[in-house]
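Just below is one structure, and these are the notes that go with it.
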Amino acid sequence: MWTLLQIELYKIFRRPRTYIAFVAITALITIVQLGLKVDGKEYAAFVMADLSNTLQIDGKIINGYFVCYVLLQLLLVHVPLLIALIAADMVSGEANMGTLRLLLAKPISRTQFILAKFFASTIYTILLLVWLAILALFLSMWIFGTDDMFLLKNNYAVQIERVDIFWRYAGAFCFAALAMTTVAALGFFLSQFAENSIGPIVATMSVIIFFTILSTMSIPIFNLIKPYLFTTHMVAWKEFFDVKVNSDNETIRGTIQRPDRLINSALILFAHIVFFVGASLYVFKKKDVLS
Amino acid sequence: MMKASKIFLFLFFISCVINVPAQDMSALVQKVKAKLDLVNDYVADGKMKTDVAFIKAPVGKIKIFFKKPNLFKIKRNNGISILPKGGVSVNMSSVLATKDYVALAAGDAMIDGIKTKIVKLLPMNENSEIILTTLYIDEADLLIKKAITTTKDNGTYEMQLYYGNYAAYGLPDKVIFSFDTKDYKMPKGITLEFEDNDKPTEAEKLKARKGRVEIIYSSYIINKGVDNSMFK
């Protein structure tokens, strides 16, 4: 199994396409960081305009932690598309090149074959997130320094103390890994049904875009189906950045406002992964491999 | 004849009442100011608690800087500080810094069991940001126990002051600052939070109209000099 996984990872990282995602993320992050470094004060004034009518907020609003949060909000919507490029190509790519039947002629079970491919795409996903964390969090901390985080939600604002932030990012990135693995599992599942890569890649992207639009539109009829869409749960990482308050409205360090939501979303995403990988195994085992 | 004399007496009484000048309280205010003027500058350590319904904020350690006539700055130690806009009113020295006002008596009131004189300060300058300041002055100790300031642009602020170790300088140990807040609602395009947050309850909406900042002073360093750079 380990050898199979190494082979699959070798195949992934041998293709130039793999690095598109890393380059795209690097470009996006550095552009946003550059923009905020140059015009950060104007950006802060713009987002704080409503609060500034009543309150005077002093301190380093645009700091590394805040910048990372902005970047994650922007990127974690688009990273699934980059993951689909690889995950949806895992089986269909082999079929397209005509190597699938050849590979299955080796003395390995179909289960091992499928699991090795899925684990390889999961490792790719996690490496992409590690790269994202290095650039979005650590590079931002280095460029902008650190301070408390002041986050604006739709109905309220949250100030999180500097010493209470890092563990939240560790949790958020772990949650993002789970969410992105769900996307990888979906792409992987769809790749069973085609003999070229384009179809499953476009299908995965379409499903994500379609579900994301449904998840974000506040129309009553869509609210009924929102809890059943995995894209609704993918953004639950933000729960790490909301804090409980005591009866005096003081934030309680080390708390999360709605941990139940976080756990519920994590379980739903995990169930999706199990379902997609299980379904992939089932389909592949039954499949008449002709290519 | 009797009826005419009654009318005359009534009119005489009314005219006397109308012509009584409002009691000038400038002397009392000047005494309070003279006490506050003992302090040229100070650096104080303290804690600040922000209680605004739509803001979740921690209690933070702060440093407060003051220099005559009206330089005042609150800095949170390693963090972001949230203060009501128009924070100049957080200290009384700044309120009384100008001499350009009329001080009128408006009766007496009990504050925390202490009898206080109510004094209305009306600015002479028509362009002044402050429209009216009402002071509740403890005449015996020359301490301002409460102040309500109405401004042109930033609503009405109420300040309650509690004194202890530094009462001799007119410096409070605790200040509770209440102010009006506007409804808070951010467009999703700015917050980038496209998913639905929890909606505030009616009670929360009501509470949201009043904000409160509590500053607890733990120590003062008085008249040891403060550099102007601290106020930038």
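In the structure tokens, each chain is lettered A, B, ... as it comes, each chain's residues begin at 1, and ligands are numbered from 1 in order of appearance.
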For the strand (DSSP E or B) assignment from backbone DSSP, which residues of stretch 41-149 of chain B qualify? Please present them as a compact mmCIF listing (two decimals) with N, CA and C atoms, in the first residue's frame.
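Result file follows (out.txt):
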```txt
# COMPACT_ATOMS: atom_id res chain seq x y z
N ASP B 41 -0.18 66.91 34.43
CA ASP B 41 -0.17 65.73 33.56
C ASP B 41 -0.24 64.48 34.43
N TYR B 42 -0.62 63.40 33.82
CA TYR B 42 -0.55 62.11 34.53
C TYR B 42 -0.46 60.95 33.54
N VAL B 43 0.08 59.87 34.09
CA VAL B 43 0.06 58.59 33.37
C VAL B 43 -0.62 57.62 34.33
N ALA B 44 -1.64 56.97 33.87
CA ALA B 44 -2.37 56.06 34.76
C ALA B 44 -2.43 54.66 34.15
N ASP B 45 -2.42 53.68 35.02
CA ASP B 45 -2.64 52.29 34.58
C ASP B 45 -4.07 51.93 34.94
N GLY B 46 -4.63 51.08 34.14
CA GLY B 46 -6.01 50.67 34.45
C GLY B 46 -6.50 49.54 33.59
N LYS B 47 -7.78 49.30 33.72
CA LYS B 47 -8.45 48.27 32.92
C LYS B 47 -9.62 48.91 32.21
N MET B 48 -9.89 48.43 31.01
CA MET B 48 -11.04 48.98 30.29
C MET B 48 -11.97 47.86 29.84
N LYS B 49 -13.22 48.05 30.12
CA LYS B 49 -14.23 47.07 29.72
C LYS B 49 -15.20 47.75 28.76
N THR B 50 -15.33 47.18 27.59
CA THR B 50 -16.25 47.75 26.60
C THR B 50 -17.50 46.89 26.55
N ASP B 51 -18.63 47.51 26.78
CA ASP B 51 -19.89 46.77 26.75
C ASP B 51 -20.84 47.42 25.75
N VAL B 52 -20.68 46.99 24.52
CA VAL B 52 -21.59 47.43 23.45
C VAL B 52 -22.20 46.15 22.91
N ILE B 55 -20.74 44.38 19.99
CA ILE B 55 -19.29 44.13 19.97
C ILE B 55 -18.94 43.15 21.07
N LYS B 56 -18.21 42.11 20.68
CA LYS B 56 -17.70 41.18 21.68
C LYS B 56 -16.23 41.54 21.89
N ALA B 57 -15.92 42.07 23.06
CA ALA B 57 -14.55 42.52 23.30
C ALA B 57 -14.06 42.05 24.66
N GLY B 60 -9.39 44.75 28.81
CA GLY B 60 -7.98 44.94 28.46
C GLY B 60 -7.26 45.86 29.43
N LYS B 61 -5.97 45.61 29.60
CA LYS B 61 -5.16 46.52 30.41
C LYS B 61 -4.83 47.73 29.56
N ILE B 62 -4.94 48.90 30.17
CA ILE B 62 -4.71 50.12 29.39
C ILE B 62 -3.77 51.07 30.12
N LYS B 63 -3.23 52.00 29.37
CA LYS B 63 -2.46 53.11 29.94
C LYS B 63 -3.14 54.40 29.50
N ILE B 64 -3.33 55.30 30.42
CA ILE B 64 -4.02 56.54 30.10
C ILE B 64 -3.04 57.70 30.29
N PHE B 65 -2.98 58.55 29.29
CA PHE B 65 -2.07 59.69 29.33
C PHE B 65 -2.90 60.99 29.29
N PHE B 66 -2.50 61.95 30.14
CA PHE B 66 -3.17 63.26 30.11
C PHE B 66 -2.12 64.35 30.27
N LYS B 67 -2.34 65.41 29.53
CA LYS B 67 -1.48 66.60 29.67
C LYS B 67 -2.33 67.83 29.46
N LEU B 71 -4.90 67.37 26.25
CA LEU B 71 -4.37 66.19 25.57
C LEU B 71 -4.73 64.96 26.39
N PHE B 72 -5.35 64.00 25.73
CA PHE B 72 -5.82 62.81 26.46
C PHE B 72 -5.74 61.62 25.52
N LYS B 73 -5.18 60.51 26.00
CA LYS B 73 -5.05 59.33 25.15
C LYS B 73 -5.16 58.07 25.99
N ILE B 74 -5.93 57.13 25.47
CA ILE B 74 -6.00 55.81 26.11
C ILE B 74 -5.33 54.83 25.16
N LYS B 75 -4.35 54.09 25.68
CA LYS B 75 -3.68 53.10 24.84
C LYS B 75 -3.83 51.74 25.50
N ARG B 76 -4.28 50.79 24.72
CA ARG B 76 -4.39 49.42 25.24
C ARG B 76 -3.02 48.76 25.12
N SER B 81 -8.04 49.06 21.01
CA SER B 81 -8.95 49.65 22.00
C SER B 81 -10.17 50.25 21.29
N ILE B 82 -11.31 50.08 21.93
CA ILE B 82 -12.57 50.59 21.37
C ILE B 82 -13.12 51.63 22.33
N LEU B 83 -13.26 52.84 21.84
CA LEU B 83 -13.76 53.93 22.68
C LEU B 83 -14.90 54.64 21.96
N PRO B 84 -15.79 55.25 22.73
CA PRO B 84 -16.83 56.04 22.07
C PRO B 84 -16.21 57.21 21.33
N TYR B 101 -17.78 79.53 28.55
CA TYR B 101 -19.10 78.95 28.81
C TYR B 101 -19.85 79.76 29.88
N VAL B 102 -21.15 79.49 29.92
CA VAL B 102 -21.98 80.08 30.98
C VAL B 102 -22.39 78.94 31.90
N ALA B 103 -22.21 79.13 33.19
CA ALA B 103 -22.57 78.07 34.15
C ALA B 103 -23.81 78.49 34.92
N LEU B 104 -24.86 77.68 34.82
CA LEU B 104 -26.13 78.01 35.48
C LEU B 104 -26.54 76.93 36.45
N ALA B 105 -27.13 77.36 37.54
CA ALA B 105 -27.60 76.38 38.53
C ALA B 105 -28.89 75.75 38.03
N ALA B 106 -29.04 74.46 38.31
CA ALA B 106 -30.27 73.78 37.88
C ALA B 106 -30.79 72.87 38.99
N GLY B 107 -30.50 73.24 40.22
CA GLY B 107 -31.07 72.49 41.34
C GLY B 107 -30.06 71.58 42.01
N ASP B 108 -30.60 70.71 42.84
CA ASP B 108 -29.76 69.76 43.58
C ASP B 108 -30.20 68.35 43.22
N ALA B 109 -29.29 67.40 43.45
CA ALA B 109 -29.64 65.99 43.23
C ALA B 109 -28.76 65.12 44.13
N MET B 110 -29.25 63.95 44.46
CA MET B 110 -28.47 63.01 45.26
C MET B 110 -27.82 62.00 44.32
N ILE B 111 -26.52 61.86 44.45
CA ILE B 111 -25.79 60.85 43.67
C ILE B 111 -25.06 59.95 44.66
N ILE B 114 -24.90 61.21 48.10
CA ILE B 114 -24.22 62.49 48.34
C ILE B 114 -24.98 63.60 47.62
N LYS B 115 -25.18 64.71 48.35
CA LYS B 115 -25.91 65.84 47.76
C LYS B 115 -25.02 66.55 46.75
N THR B 116 -25.55 66.76 45.56
CA THR B 116 -24.76 67.44 44.52
C THR B 116 -25.52 68.62 43.95
N LYS B 117 -24.76 69.58 43.45
CA LYS B 117 -25.34 70.73 42.75
C LYS B 117 -25.38 70.41 41.27
N ILE B 118 -26.51 70.67 40.65
CA ILE B 118 -26.59 70.46 39.20
C ILE B 118 -26.22 71.77 38.52
N VAL B 119 -25.21 71.69 37.64
CA VAL B 119 -24.76 72.90 36.94
C VAL B 119 -24.81 72.64 35.43
N LYS B 120 -25.45 73.56 34.75
CA LYS B 120 -25.53 73.45 33.29
C LYS B 120 -24.46 74.34 32.67
N LEU B 121 -23.62 73.78 31.85
CA LEU B 121 -22.59 74.57 31.16
C LEU B 121 -23.02 74.78 29.72
N LEU B 122 -23.20 76.02 29.37
CA LEU B 122 -23.60 76.36 28.00
C LEU B 122 -22.43 77.03 27.30
N PRO B 123 -21.94 76.49 26.24
CA PRO B 123 -20.80 77.12 25.56
C PRO B 123 -21.21 78.43 24.90
N ILE B 130 -19.74 70.79 21.55
CA ILE B 130 -20.59 70.49 22.71
C ILE B 130 -21.74 71.48 22.77
N ILE B 131 -22.96 70.96 22.86
CA ILE B 131 -24.15 71.83 22.94
C ILE B 131 -24.44 72.18 24.40
N LEU B 132 -24.36 71.18 25.24
CA LEU B 132 -24.69 71.39 26.65
C LEU B 132 -23.99 70.33 27.50
N THR B 133 -23.46 70.78 28.63
CA THR B 133 -22.89 69.83 29.59
C THR B 133 -23.58 70.04 30.93
N THR B 134 -24.06 68.97 31.50
CA THR B 134 -24.67 69.05 32.83
C THR B 134 -23.74 68.36 33.82
N LEU B 135 -23.33 69.11 34.83
CA LEU B 135 -22.42 68.56 35.84
C LEU B 135 -23.15 68.38 37.16
N TYR B 136 -22.88 67.30 37.83
CA TYR B 136 -23.40 67.06 39.18
C TYR B 136 -22.18 67.18 40.10
N ILE B 137 -22.10 68.29 40.81
CA ILE B 137 -20.88 68.60 41.58
C ILE B 137 -21.11 68.42 43.08
N ASP B 138 -20.23 67.64 43.68
CA ASP B 138 -20.22 67.50 45.14
C ASP B 138 -19.53 68.75 45.67
N LEU B 143 -15.92 67.73 43.78
CA LEU B 143 -15.72 66.61 42.86
C LEU B 143 -16.92 66.51 41.91
N ILE B 144 -16.62 66.24 40.67
CA ILE B 144 -17.72 66.03 39.70
C ILE B 144 -18.12 64.56 39.79
N LYS B 145 -19.36 64.33 40.18
CA LYS B 145 -19.81 62.94 40.37
C LYS B 145 -20.43 62.37 39.10
N LYS B 146 -20.97 63.27 38.31
CA LYS B 146 -21.63 62.81 37.08
C LYS B 146 -21.62 63.95 36.07
N ALA B 147 -21.50 63.59 34.81
CA ALA B 147 -21.53 64.61 33.75
C ALA B 147 -22.30 64.07 32.56
N ILE B 148 -23.17 64.89 32.03
CA ILE B 148 -23.91 64.48 30.82
C ILE B 148 -23.59 65.52 29.75
N THR B 149 -23.05 65.06 28.65
CA THR B 149 -22.64 65.97 27.59
C THR B 149 -23.42 65.68 26.31
```
Taking a cut-off of 12 Å and counting only C-alpha atoms, can you build a table that, for each residue of stretch 73-185 of chain A near stretch 3-8 of chain A, reports the nearest atom pair and how far apart they are in Å (one decimal), sorted by chain then residue number, as CSV?
```
residue,atom,partner,partner_atom,distance
A:Ile86,CA,A:Glu8,CA,11.5
A:Ala87,CA,A:Glu8,CA,11.6
A:Asp89,CA,A:Glu8,CA,12.0
A:Met90,CA,A:Glu8,CA,8.9
A:Val91,CA,A:Glu8,CA,10.9
A:Glu94,CA,A:Glu8,CA,11.1
A:Leu103,CA,A:Leu4,CA,10.8
A:Lys106,CA,A:Leu4,CA,11.1
A:Pro107,CA,A:Leu4,CA,11.4
A:Ile108,CA,A:Leu4,CA,9.1
A:Ser109,CA,A:Leu4,CA,11.1
A:Arg110,CA,A:Leu4,CA,11.7
A:Thr111,CA,A:Leu4,CA,11.6
A:Gln112,CA,A:Leu4,CA,8.1
A:Phe113,CA,A:Leu4,CA,7.4
A:Ile114,CA,A:Leu4,CA,10.0
A:Leu115,CA,A:Leu5,CA,8.6
A:Ala116,CA,A:Leu5,CA,4.9
A:Lys117,CA,A:Glu8,CA,6.2
A:Phe118,CA,A:Leu5,CA,9.0
A:Phe119,CA,A:Leu5,CA,7.1
A:Ala120,CA,A:Glu8,CA,6.0
A:Ser121,CA,A:Glu8,CA,8.6
A:Thr122,CA,A:Leu5,CA,10.9
A:Ile123,CA,A:Leu5,CA,9.7
A:Tyr124,CA,A:Glu8,CA,10.4
```
What would the file look like if the residues just selected were written as a compact mmCIF listing (two decimals), in the first residue's frame with C-alpha atoms?
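Result file is again_32.txt:
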```txt
# COMPACT_ATOMS: atom_id res chain seq x y z
CA ILE A 86 -6.04 16.79 -9.56
CA ALA A 87 -8.62 14.72 -7.69
CA ASP A 89 -8.19 13.29 -12.82
CA MET A 90 -7.01 10.43 -10.62
CA VAL A 91 -8.87 7.56 -12.29
CA GLU A 94 -5.40 6.74 -16.23
CA LEU A 103 -2.19 -1.15 -13.81
CA LYS A 106 -0.56 -6.00 -11.43
CA PRO A 107 -1.05 -8.15 -8.31
CA ILE A 108 -2.91 -5.49 -6.33
CA SER A 109 -6.54 -5.42 -5.33
CA ARG A 110 -8.91 -2.81 -6.73
CA THR A 111 -9.55 -1.61 -3.19
CA GLN A 112 -5.83 -0.97 -2.63
CA PHE A 113 -5.62 0.74 -6.01
CA ILE A 114 -8.53 3.08 -5.28
CA LEU A 115 -7.48 3.83 -1.69
CA ALA A 116 -3.89 4.59 -2.77
CA LYS A 117 -5.18 7.03 -5.37
CA PHE A 118 -7.56 8.67 -2.91
CA PHE A 119 -4.89 9.00 -0.20
CA ALA A 120 -2.52 10.51 -2.77
CA SER A 121 -5.08 13.16 -3.72
CA THR A 122 -5.71 13.80 -0.01
CA ILE A 123 -1.98 14.35 0.58
CA TYR A 124 -1.91 16.75 -2.38
```
Shortest interatomic distance to B:Gly211 - which of A:Asn249, A:Ile198, A:Val274, A:Gly40, counting only C-alpha atoms: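 Between A:Asn249, A:Ile198, A:Val274, A:Gly40, the residue approaching B:Gly211 most closely is A:Asn249.
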Residues of chain A within 7 Å of chain B, counting only C-alpha atoms, as a PDB file with C-alpha atoms, in the first residue's frame:
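Printed below is out.pdb as written:
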```
ATOM      1  CA  VAL A  47     -14.590  48.314   6.332  1.00  0.00           C
ATOM      2  CA  THR A  54     -20.068  55.767  16.889  1.00  0.00           C
ATOM      3  CA  LEU A  55     -16.752  54.358  17.969  1.00  0.00           C
ATOM      4  CA  GLN A  56     -13.098  55.146  17.746  1.00  0.00           C
ATOM      5  CA  ILE A  57     -11.083  51.975  17.181  1.00  0.00           C
ATOM      6  CA  ASP A  58      -7.359  52.347  17.821  1.00  0.00           C
ATOM      7  CA  GLY A  59      -4.704  49.744  17.169  1.00  0.00           C
ATOM      8  CA  LYS A  60      -3.245  47.690  14.376  1.00  0.00           C
ATOM      9  CA  GLN A  73     -12.358  33.949   3.228  1.00  0.00           C
ATOM     10  CA  ASP A 147      -2.140  42.139  17.216  1.00  0.00           C
ATOM     11  CA  ASP A 148      -5.667  41.435  18.387  1.00  0.00           C
ATOM     12  CA  LEU A 152     -16.770  42.212  11.400  1.00  0.00           C
ATOM     13  CA  LYS A 153     -19.680  39.817  11.155  1.00  0.00           C
ATOM     14  CA  ASN A 154     -23.018  40.756   9.605  1.00  0.00           C
ATOM     15  CA  ASN A 155     -24.733  41.585  12.905  1.00  0.00           C
ATOM     16  CA  TYR A 156     -21.844  42.164  15.281  1.00  0.00           C
ATOM     17  CA  ALA A 157     -18.091  42.585  15.631  1.00  0.00           C
ATOM     18  CA  VAL A 158     -15.667  40.351  17.518  1.00  0.00           C
ATOM     19  CA  GLN A 159     -12.346  41.256  19.095  1.00  0.00           C
ATOM     20  CA  THR A 216     -25.009  31.648   0.053  1.00  0.00           C
ATOM     21  CA  VAL A 245     -19.148  36.180  26.153  1.00  0.00           C
ATOM     22  CA  ASN A 249     -20.478  40.929  27.603  1.00  0.00           C
ATOM     23  CA  GLU A 250     -16.749  40.199  28.070  1.00  0.00           C
ATOM     24  CA  THR A 251     -15.214  37.626  25.762  1.00  0.00           C
TER      25      THR A 251
END
```
6 Å contact set for stretch 276-287 of chain A, only C-alpha atoms, chain neighbours under 6 positions out, as an NGL selection string: :A and (185-186 or 189)
Selection from above, C-alpha atoms, as a short mmCIF file (atom, residue, chain, number, x, y, z; two decimals), in the first residue's frame, can you write it?
```cif
data_model
loop_
_atom_site.label_atom_id
_atom_site.label_comp_id
_atom_site.auth_asym_id
_atom_site.auth_seq_id
_atom_site.Cartn_x
_atom_site.Cartn_y
_atom_site.Cartn_z
CA ALA A 185 -13.50 12.80 -2.55
CA LEU A 186 -16.27 14.22 -4.77
CA PHE A 189 -15.86 9.78 -7.19
#
```
Those in stretch 33-232 of chain B with alpha helix (DSSP H) from DSSP, as a ChimeraX atom specification: /B:33-36,92-95,188-191,202-207
Nearest candidate to A:Leu269 (options A:Ala133, A:Ile20, A:Val235, A:Leu75; using only C-alpha atoms):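 The shortest atom-to-atom distance to A:Leu269 comes from A:Val235.
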Given only C-alpha atoms as the counted atoms, nearest of A:Leu135, A:Leu214, A:Met234, A:Ile31 to A:His272: A:Met234
Please identify all polymer residues within 12 Å of stretch 163-168 of chain B, counting only C-alpha atoms, omitting same-chain residues fewer than 3 positions from it, and present them as a CSV table (one decimal) with N, CA and C atoms, in the first residue's frame.
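Contents of around.csv, freshly written:
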```csv
chain,number,residue,atom,x,y,z
B,32,VAL,N,-13.8,73.9,41.2
B,32,VAL,CA,-13.6,72.6,40.7
B,32,VAL,C,-12.4,72.5,39.7
B,34,ALA,N,-10.0,74.7,39.5
B,34,ALA,CA,-8.7,75.0,40.3
B,34,ALA,C,-8.2,73.7,40.9
B,35,LYS,N,-9.1,72.9,41.4
B,35,LYS,CA,-8.6,71.6,41.9
B,35,LYS,C,-8.1,70.7,40.9
B,36,LEU,N,-8.8,70.6,39.7
B,36,LEU,CA,-8.3,69.8,38.6
B,36,LEU,C,-6.9,70.4,38.1
B,37,ASP,N,-6.8,71.7,38.2
B,37,ASP,CA,-5.6,72.3,37.7
B,37,ASP,C,-4.3,72.0,38.5
B,38,LEU,N,-4.5,71.3,39.6
B,38,LEU,CA,-3.3,70.9,40.4
B,38,LEU,C,-2.6,69.8,39.6
B,39,VAL,N,-3.3,69.2,38.7
B,39,VAL,CA,-2.7,68.1,37.9
B,39,VAL,C,-2.3,68.7,36.5
B,42,TYR,N,-0.6,63.4,33.8
B,42,TYR,CA,-0.6,62.1,34.5
B,42,TYR,C,-0.5,60.9,33.5
B,44,ALA,N,-1.6,57.0,33.9
B,44,ALA,CA,-2.4,56.1,34.8
B,44,ALA,C,-2.4,54.7,34.1
B,112,ASP,N,-25.4,58.7,44.7
B,112,ASP,CA,-24.8,57.7,45.6
B,112,ASP,C,-24.9,58.2,47.0
B,138,ASP,N,-20.2,67.6,43.7
B,138,ASP,CA,-20.2,67.5,45.1
B,138,ASP,C,-19.5,68.8,45.7
B,141,ASP,N,-16.7,68.4,48.5
B,141,ASP,CA,-15.3,67.9,48.2
B,141,ASP,C,-14.8,68.5,46.8
B,142,LEU,N,-15.7,69.3,46.2
B,142,LEU,CA,-15.4,69.8,44.9
B,142,LEU,C,-15.0,68.7,43.8
B,143,LEU,N,-15.9,67.7,43.8
B,143,LEU,CA,-15.7,66.6,42.9
B,143,LEU,C,-16.9,66.5,41.9
B,144,ILE,N,-16.6,66.2,40.7
B,144,ILE,CA,-17.7,66.0,39.7
B,144,ILE,C,-18.1,64.6,39.8
B,145,LYS,N,-19.4,64.3,40.2
B,145,LYS,CA,-19.8,62.9,40.4
B,145,LYS,C,-20.4,62.4,39.1
B,146,LYS,N,-21.0,63.3,38.3
B,146,LYS,CA,-21.6,62.8,37.1
B,146,LYS,C,-21.6,64.0,36.1
B,160,GLN,N,-20.2,58.7,34.7
B,160,GLN,CA,-20.3,58.6,36.2
B,160,GLN,C,-18.9,58.4,36.7
B,171,LEU,N,-9.2,63.3,40.6
B,171,LEU,CA,-9.0,62.2,39.7
B,171,LEU,C,-9.8,60.9,40.1
B,172,PRO,N,-10.6,60.4,39.2
B,172,PRO,CA,-11.4,59.2,39.7
B,172,PRO,C,-10.7,57.9,39.7
B,173,ASP,N,-11.2,57.0,40.5
B,173,ASP,CA,-10.7,55.6,40.5
B,173,ASP,C,-11.5,54.8,39.4
B,174,LYS,N,-12.7,55.2,39.1
B,174,LYS,CA,-13.5,54.5,38.1
B,174,LYS,C,-14.4,55.5,37.4
B,175,VAL,N,-14.5,55.3,36.1
B,175,VAL,CA,-15.4,56.1,35.2
B,175,VAL,C,-16.2,55.1,34.4
B,176,ILE,N,-17.5,55.4,34.5
B,176,ILE,CA,-18.4,54.6,33.6
B,176,ILE,C,-19.0,55.6,32.6
B,216,ILE,N,-11.3,51.4,34.9
B,216,ILE,CA,-10.9,51.3,36.3
B,216,ILE,C,-9.5,51.7,36.4
B,217,TYR,N,-9.2,52.8,37.1
B,217,TYR,CA,-7.8,53.3,37.3
B,217,TYR,C,-7.2,52.6,38.5
B,218,SER,N,-6.0,52.0,38.3
B,218,SER,CA,-5.4,51.3,39.4
B,218,SER,C,-4.3,52.2,40.0
B,219,SER,N,-3.6,53.0,39.2
B,219,SER,CA,-2.6,53.9,39.8
B,219,SER,C,-2.4,55.1,38.9
B,220,TYR,N,-2.0,56.2,39.5
B,220,TYR,CA,-1.7,57.4,38.7
B,220,TYR,C,-0.2,57.8,39.0
B,221,ILE,N,0.5,58.3,38.0
B,221,ILE,CA,1.7,59.0,38.2
B,221,ILE,C,1.5,60.4,37.8
B,222,ILE,N,1.4,61.3,38.8
B,222,ILE,CA,0.9,62.7,38.6
B,222,ILE,C,2.1,63.7,38.6
```
